[in-house]
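A.B. asks: One structure follows; several queries about it will come next.
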Amino acid sequence: MADEAVEAMMPFFKERFGNPSSIHRFGQQADAAIEEAREVIAEHLNCSVDEVIFTSGGTESDNLALRGVALAQRERSGKNHLLISPVEHHAVSHTAQQLASIFGFELEFLPVDGQGRVDPAEVLERLRPNTAVVSVIYANNEIGTINSISEIGKICREKGVPFHTDAVQATPYLSLDVEALSVDLLSLGAHKFYGPKGVGVLYVRKGTPILPIQTGGGQESGLRSGTQNVPYIVGMSAALKFVQTSQTKWNASLPTLRDWLIEQVEQKIPQSTLTGHRTQRLPNHASFVFEGVDSQKLLTLLDLDGFACSSGSACKTGNPSPSEVLLALGFPQKLALGSLRVTLGKDTTAEHVQLFFDCLVEKIKILRD
Amino acid sequence: MNGKTVVVGMSGGVDSSVAAALLKRQGYQVIGVMLNLWSEVGKESSNRCCTPDAMRLAKKVAAKLDIPFYTLDVRERFYQQIVSYFVEGYQQGITPNPCIQCNRHIRWGALFEFALSLGADYFSTGHYARISQDEQGIYHLLRAKDTNKDQSYVLHVLTQADLSRTLFPLAELTKPEVRQLASEFQLPVANRVESQDLCFLSGEDYRTFLLRHMEKTAQPGAIIDTQGRLLGQHRGLAFYTIGQRKGLGINVGQPMYVIKKDVTNNTLIVGSREETRQSHFTVARINWIRGIPTEKEFDCTVKVRYLSPFLNARVKLFEDNSCHVVLAQSYWDITPGQAAVFYQGDECLGGGMIQTVLT
């Protein structure tokens with residue numbers, strides 16, 4: 001976490017421990033704090049404050065977007081067609097699958113190319129009069145590929161279909177201007193941008209048909225009932241400010257390190273393949289598959305040497321089935337089990353990357369012998 | 001710190017948890033690894049060896065001990081080498097012991113290899129058994145100090161290479177002492193009922209499991225007595241085990257027990273309790289822990305099941321790594337497919353699979 005975020009949170013555990021919904025002055029202070037946070041976030045997203053809904057994180061935001069819009073669309077206009085990419089985070093894909101299997105929606109997957117990109121023309125071709133919602137991930141967590149969100153957004157806008165993007169991975173590096181992106185719903189999770197875990201945002205454009213999926217006291221414009229997690233919301237907004245001041249620097253320095261790592265791996269580790277797009281990818285993200293290597297074992301070996309990496313999504317540890325994302329890109333099952341994703345952070349230096357690469361070479365050799 | 005790294009196979013149970021704690025206290029750099037074993041789809045939460053509950057406990061223990069913890073997915077290998085072996089064994093008329101296969105191919109196979117690939121010096125488990133090394137550098141496998149808990153029987157498959165890198169921290173401890181240590185180390189261990197069932201059966205009767213997994217459908221056949229008299233019909237040899245009395249569906253005025261499964265003729269042979277006693281049998285595919293004995297004929301004791309007593313026996317070796325065993329006194333229900341494990345005093349010499357049993 002960013003120091004700024006930790007420090008911003010601290011007073012809200014003790015001296016400023018009010019409930020933002022309460023009438024008393026402690027409550028008013030807490031309410032003021034979350035409204036200030038809402039302003040910071042609204043400004044970053046180029047939207048109005050009442051379009052910012054606080055949630056418990058990216059997963060809840062994705063759930064609210066998909067389920068909330070799908071149910072409202074069917075309720076109000078009988079639309080029951082869902083259109084999503086096959087490389088969505090499970091928070092989107094599993095929600096859509098449940099909407100299909102239990103709630104009777106028709107789920108259609110958009111095709112992706114070998115780098116995991118959705119062709120906007122394919123969206124246009126597949127939109128139907130009864131399409132309830134479209135969801136395409138901004139930047140994929142496993143392969144780092146960035147999608148042409150604004151082009152897809154314009155197509156959906158023209159056809160009047162609500163468009164959601166999961167921007168959880170994209171936040172620290174890419175523009176989240178919802179006007180430029182032409183999105184109606186956008187999910188954020190604070191822990192992906194140096195904020196605390198367990199807090200996030202769903203942007204909901206005014207006028208988007210949506211029902212709450214958590215009901216109760218009517219907080220967050222009635223879309224997300226439950227007492228707001230004040231310290232975490234404050235921490236998230238401080239983290240976003242930190243991102244604003246650092247983004248230019250990161251976007252200048254990280255691609256160099258990333259590209260060096262990709263080049264080294266491709267040149268010096270036999271039977272390795274870059275996964276995802278070479279240039280249209282997150283500046284901090286490199287991902288590979290290694291033939292004949294069990295990624296779970298590779299992660300263990302790397303961890304013991306102090307390098308914390310992932311294969312698929314970190315949420316899937318303990319369940320080493322081949323990555324659905326890599327299978328969707330056309331990788332064979334055997335290769336999809338040998339995946340590795342490396343993400344660089346704000347404190348990563350060239351020296352770290354060199355040390356990591358040397359370690360990676362050694363561990364892959366051990367596992368292949 | 002003693003500068004040595006050890007990988008501990010953890011299960012979330014009290015034994016492996018205390019083993020890890022003791023090694024940590026002895027100054028080892030300890031790494032916990034838990035196996036993710038094969039279960040039928042939908043039954044993952046009741047696989048005795050790796051339920052989500054057990055996984056949670058093992059993680060808590062690792063966090064408490066401040067040691068790194070990983071899981072190793074061996075589901076495919078477990079299915080190939082253990083479950084298939086179990087099903088095929090029953091189809092061939094034997095009663096296999098999958099836990100011994102698991103020790104050979106999974107614990108001291110996949111997990112042991114993984115430990116070495118992590119650069120570990122040693123591999124350890126919470127088994128109750130002792131290892132010693134003599135002046136010539138040869139490793140010996142000995143019964144645990146707690147003879148009630150001794151698990152050397154299921155460890156007879158270990159080789160010199162295995163033993164040279166294996167540590168059994170519970171060797172000198174009794175189960176009550178281990179429980180006491182768990183409480184002293186403040187380890188979060190569950191009061192789990194220790195089950196003897198096979199992990200992948202998930203509490204189900206093995207016959208029901210076999211029904212789903214056998215390729216050939218069970219062929220009914222004759223039940224005869226030792227004189228060859230027809231007494232009834234069996235449902236398929238796989239569903240019977242040596243010594244079984246209940247569920248035979250025959251009535252001859254006295255209790256009858258399964259003595260033999262004649263696979264060639266698809267016949268189940270039954271007899272009186274007295275007729276289930278046998279005094280010699282052959283054992284094949286023997287692992288001799290210290291290498292093949294120089295004497296070709298010697299006296300020792302033998303266990304024919306995990307919980308059988310030590311039976312006095314004379315062993316005569318054959319050239320093909322098999323042997324003939326003559327018991328000093330006959331014993332009940334000696335079962336092909338189970339392991340015969342040989343001992344001299346406290347030392348486990350090795351063992352193999354019971355092949356044919358002769359009355």
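Going through the structure tokens in order, the chains are called A, B, and so on, while each chain numbers its residues from 1 and the ligands are numbered from 1 in the order shown.
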Return as a PyMOL selection string the full set of residues in stretch 52-199 of chain B whose backbone-based DSSP assignment is alpha helix (DSSP H).

C.D. replies: chain B and resi 52-65+75-78+84-91+98-102+112-117+160-164+175-184

A.B. asks: Can you check which residues of chain B have any atom within 7 Å of chain A? Use only C-alpha atoms and format it as a ChimeraX atom specification.

C.D. replies: /B:70-71,117-118

A.B. asks: Smallest atom-to-atom distance to A:Gln244: which of A:Leu71, A:Arg368, A:Arg258, A:Thr171, using only C-alpha atoms?

C.D. replies: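 Nearest candidate to A:Gln244 out of A:Leu71, A:Arg368, A:Arg258, A:Thr171: A:Thr171.
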
A.B. asks: Report as a VMD selection string all protein, DNA and RNA residues lying within 7 Å of B:Val18, evaluated on only C-alpha atoms, omitting residues in the same chain fewer than 4 positions from it.

C.D. replies: chain B and resid 14 22 178 181 to 182

A.B. asks: I want to know what sits within 9 Å of stretch 302-309 of chain B, based on only C-alpha atoms, with residues of the same chain fewer than 2 positions away left out; could you give that as an MDAnalysis selection string?

C.D. replies: chainID B and resid 151 153:154 300 311:313 325 327 334:335 338:344 351 354

A.B. asks: How about saving the chosen residues, C-alpha atoms kept, as a PDB file, in the first residue's frame?

C.D. replies:
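Produced file again.pdb, reproduced below:
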ATOM      1  CA  GLN B 151       3.814 -47.205  11.088  1.00  0.00           C
ATOM      2  CA  TYR B 153       4.540 -51.482   8.082  1.00  0.00           C
ATOM      3  CA  VAL B 154       3.401 -48.878   5.530  1.00  0.00           C
ATOM      4  CA  CYS B 300      12.174 -63.471  11.300  1.00  0.00           C
ATOM      5  CA  LEU B 311       4.119 -63.839  13.407  1.00  0.00           C
ATOM      6  CA  ASN B 312       7.163 -66.073  13.738  1.00  0.00           C
ATOM      7  CA  ALA B 313       8.223 -67.249  10.322  1.00  0.00           C
ATOM      8  CA  VAL B 325       7.178 -67.786   3.974  1.00  0.00           C
ATOM      9  CA  LEU B 327       4.658 -69.527   9.585  1.00  0.00           C
ATOM     10  CA  ILE B 334      -3.801 -64.032   4.791  1.00  0.00           C
ATOM     11  CA  THR B 335      -4.812 -61.945   1.815  1.00  0.00           C
ATOM     12  CA  GLN B 338      -1.776 -57.025   1.067  1.00  0.00           C
ATOM     13  CA  ALA B 339       1.801 -56.453   2.177  1.00  0.00           C
ATOM     14  CA  ALA B 340       3.872 -58.962   4.126  1.00  0.00           C
ATOM     15  CA  VAL B 341       6.470 -57.015   6.075  1.00  0.00           C
ATOM     16  CA  PHE B 342       9.476 -58.684   7.668  1.00  0.00           C
ATOM     17  CA  TYR B 343      11.070 -57.748  10.975  1.00  0.00           C
ATOM     18  CA  GLN B 344      13.981 -58.856  13.128  1.00  0.00           C
ATOM     19  CA  GLY B 351       8.416 -56.393   2.550  1.00  0.00           C
ATOM     20  CA  ILE B 354       1.440 -61.422  -0.746  1.00  0.00           C
TER      21      ILE B 354
END
